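Working notes, structure below.
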Number of protein chains: 2
Amino acid sequence: MTGKPEGTQQRATAEMVARAAQVSRAAVSRAFNPQAPLKPEKRARILKIAEELSYTPDRAARALVTRRSHLVGVIVPDVCSPWESQEVDALTTALQAEGFATLLFKTRIDSSMDETLLTYMRGFNPDSVIVFTENVRPHMLSRFLDRAVPIYVNYLMEREGDGTLPHEPDALCDRIDVNQWEGMEQAVALLAGYGCRRIAYLSGKPESLGQQARRKTLEALMARRGLPAPVIVPGDFSYDRGYAGTLDLFRLEGGADAVFAANDESAFGALDALRYELKLRVPEDVKVIGFDDITQSHWRSYNLTTVKVDLEARVRALVRLIQRRLKAPNAPALAETVHTRLAVRGTVG
Amino acid sequence: MTGKPEGTQQRATAEMVARAAQVSRAAVSRAFNPQAPLKPEKRARILKIAEELSYTPDRAARALVTRRSHLVGVIVPDVCSPWESQEVDALTTALQAEGFATLLFKTRIDSSMDETLLTYMRGFNPDSVIVFTENVRPHMLSRFLDRAVPIYVNYLMEREGDGTLPHEPDALCDRIDVNQWEGMEQAVALLAGYGCRRIAYLSGKPESLGQQARRKTLEALMARRGLPAPVIVPGDFSYDRGYAGTLDLFRLEGGADAVFAANDESAFGALDALRYELKLRVPEDVKVIGFDDITQSHWRSYNLTTVKVDLEARVRALVRLIQRRLKAPNAPALAETVHTRLAVRGTVG
């Protein structure tokens with residue numbers, strides 16, 4: 001199955017390698033598939049002979065025959081934000097172990113995606129596409145994908161309730177349901193237990209459905225406890241807006257007993273504004289809670305109490321969805337659930 | 001040039017789109033190439049008709065004919081460390097603008113690369129491969145790459161001197177020369193100006209040639225000023241090892257006037273250990289300098305003085321190297337130089 005396009009030099013074939021190594025053609029195939037079972041010595045011998053003959057299976061040629069590209073497209077707004085980079089890192093490791101390569105696509109600044117780029121992505125014929133933004137909608141994506149069924153992250157707004165994924169019956173997509181209710185309920189209980197009544201919500205990018213769902217969940221949880229509605233502080237997930245928004249909250253809006261941030265990075269901005277500019281003590285004067293539990297949250301300067309999304313479980317669920325879909329290309333929408341819990345550190349208590 | 005593999009359904013061709021849109025075959029090609037010049041209205045019209053006919057250029061088919069995959073392989077040890085994630089992010093944006101997609105490959109924990117994975121990478125036939133680790137050596141990689149010439153980051157040890165890239169005359173590779181001397185010279189001058197004599201070097205992973213070069217550069221710069229050789233503190237680029245190494249330095253080794261860290265993240269660990277565990281004041285009692293200038297370095301809790309590598313210039317240089325190599329596949333080794341300078345913030349002074 002090696003590619004021998006006209007006009008390029010003759011390439012070694014799998015049959016040639018099999019003959020030289022005195023193994024079957026199938027064994028040669030398995031040697032080049034990281035997840036196929038094969039004795040290490042046998043794999044080493046086949047790869048050595050393949051190298052001597054300058055043989056490699058050509059994925060482009062194989063993709064035309066098998067209709068499997070072994071590529072997984074990942075659409076992200078920013079690889080450089082800590083949560084996304086930690087997720088892309090863990091995902092790439094897990095996909096590699098299953099024989100897939102990660103193809104990265106970045107969205108535009110408003111998290112939407114250029115149509116040219118979507119067409120371009122389709123040309124690579126990915127086996128699956130994981131979409132880490134809500135601004136590239138399923139119906140739009142399905143117009144551009146050939147056979148890949150996209151996977152979306154769906155943030156639930158109630159314990160068992162509706163999520164952020166728009167209802168688009170014509171566009172098939174699979175999903176990870178993140179139950180953020182669980183961890184946020186623990187967060188609100190802890191704040192209430194310490195007597196907080198006036199709680200501010202430091203929001204993420206206004207267009208992010210995930211953070212909109214976080215705000216609605218917070219509002220619902222606070223209403224159930226008879227607490228006044230949260231003060232909404234505009235933000236965009238960044239440290240800088242978290243910092244500036246917190247200054248506005250305390251200098252213009254009368255402050256708060258606690259700040260619940262839409263993500264950890266903006267919670268760091270809130271913490272630094274409270275301590276270094278407003279000269280308030282955390283947790284004594286103001287309590288702060290984040291969302292995600294990125295690596296930086298355990299750094300001593302922040303030591304942040306936060307709603308932890310289990311990244312490892314989320315990545316495993318994503319890989320499982322890809323494998324389930326490849327086994328059942330025509331199955332109706334598939335879903336996996338990921339849970340959250342409160343990680344208690346130094347910014348509350 | 002659309003792919004019509006046997007056994008799959010008939011697909012629309014570029015000719016069919018050209019006819020329906022009343023444009024040339026070449027215009028259809030350009031419409032699908034994000035960097036090709038074409039009037040926006042014309043591109044929109046062609047893409048609309050292409051969509052109606054369910055036409056997309058199949059990259060796999062095209063790659064067999066043109067021997068161009070439009071894929072750039074990126075080999076990284078960790079996407080999740082802040083510097084790498086910021087670089088991969090900026091690089092993906094820049095590559096996308098030039099019509100390339102980024103294919104991510106992660107190394108093993110020891111930063112080497114599995115041979116199976118290298119063979120696998122070759123199968124995708126990348127146009128270029130950027131290697132962000134020294135443990136995958138040029139001669140090893142060149143055995144596995146078909147036509148792509150790999151690009152390495154080469155840290156210079158002297159102002160104009162030797163770098164970290166091993167001399168391997170049989171393995172062609174292009175390189176980015178990072179002149180770290182410039183910024184580090186400014187760093188040592190600043191520390192000397194504040195009277196520091198005993199300076200510790202908080203190292204990165206021992207196998208990293210980049211950090212070895214940083215240590216040698218520091219030793220050379222300090223020797224020139226008649227300062228005693230730096231105290232070497234073992235580390236691995238991580239916050240946690242930076243924290244623990246700093247405790248060892250002050251509790252076992254007699255401390256230091258200043259800590260120069262191999263990267264910013266481990267400098268944060270040093271800062272937190274100094275302030276929260278050793279109860280020392282920075283910069284009054286101990287001064288701290290990092291290397292990289294990641295986004296987190298301007299966060300108020302750290303506000304780190306650091307040797308800044310110009311990320312934007314580095315990414316532009318990488319993209320230029322790819323384009324230069326595609327234009328001249330048989331040219332001898334190509335190189336671009338990137339400069340460094342000291343970014344002065346609150347941890348010195």
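Naming works like this for the structure tokens: A, B, ... for the chains as they're shown, residue 1 at the start of each chain, ligands 1 onward in shown order.
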Q | Exercise: segment 314-330 of chain A partners within 10 Å, only C-alpha atoms, chain neighbours under 2 positions left out, as a PyMOL selection string | A | chain A and resi 68+72+87-95+98+100+127-130+147-153+172+174-178+309-312+332-339
Q: Once DSSP has gone over the backbone, tell me which residues of segment 106-338 of chain A are in strand (DSSP E), as number ranges by chain.
A: A: 106, 128-131, 150-155, 174-179, 199-202, 231-233, 258-261, 287-292, 305-309, 335-338
Q | d(atom CA of Thr246 of chain A, atom CA of Ser301 of chain A) in Å | A | 17.8 Å
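Computed from the coordinates, the atom CA of Arg108 of chain A to atom CA of Asp78 of chain A distance equals 9.5 Å.
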Q: Kindly indicate which residue among A:Ala273, A:Ile199, A:Ile75, A:Leu165 lies nearest to chain B, using only C-alpha atoms for the distances.
A: A:Ala273
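Minimum atom-to-atom distances from A:Ala331, A:Leu227, A:Leu218, A:Val288 to Gly242 of chain A were compared using only C-alpha atoms, and the lowest value belongs to A:Val288.
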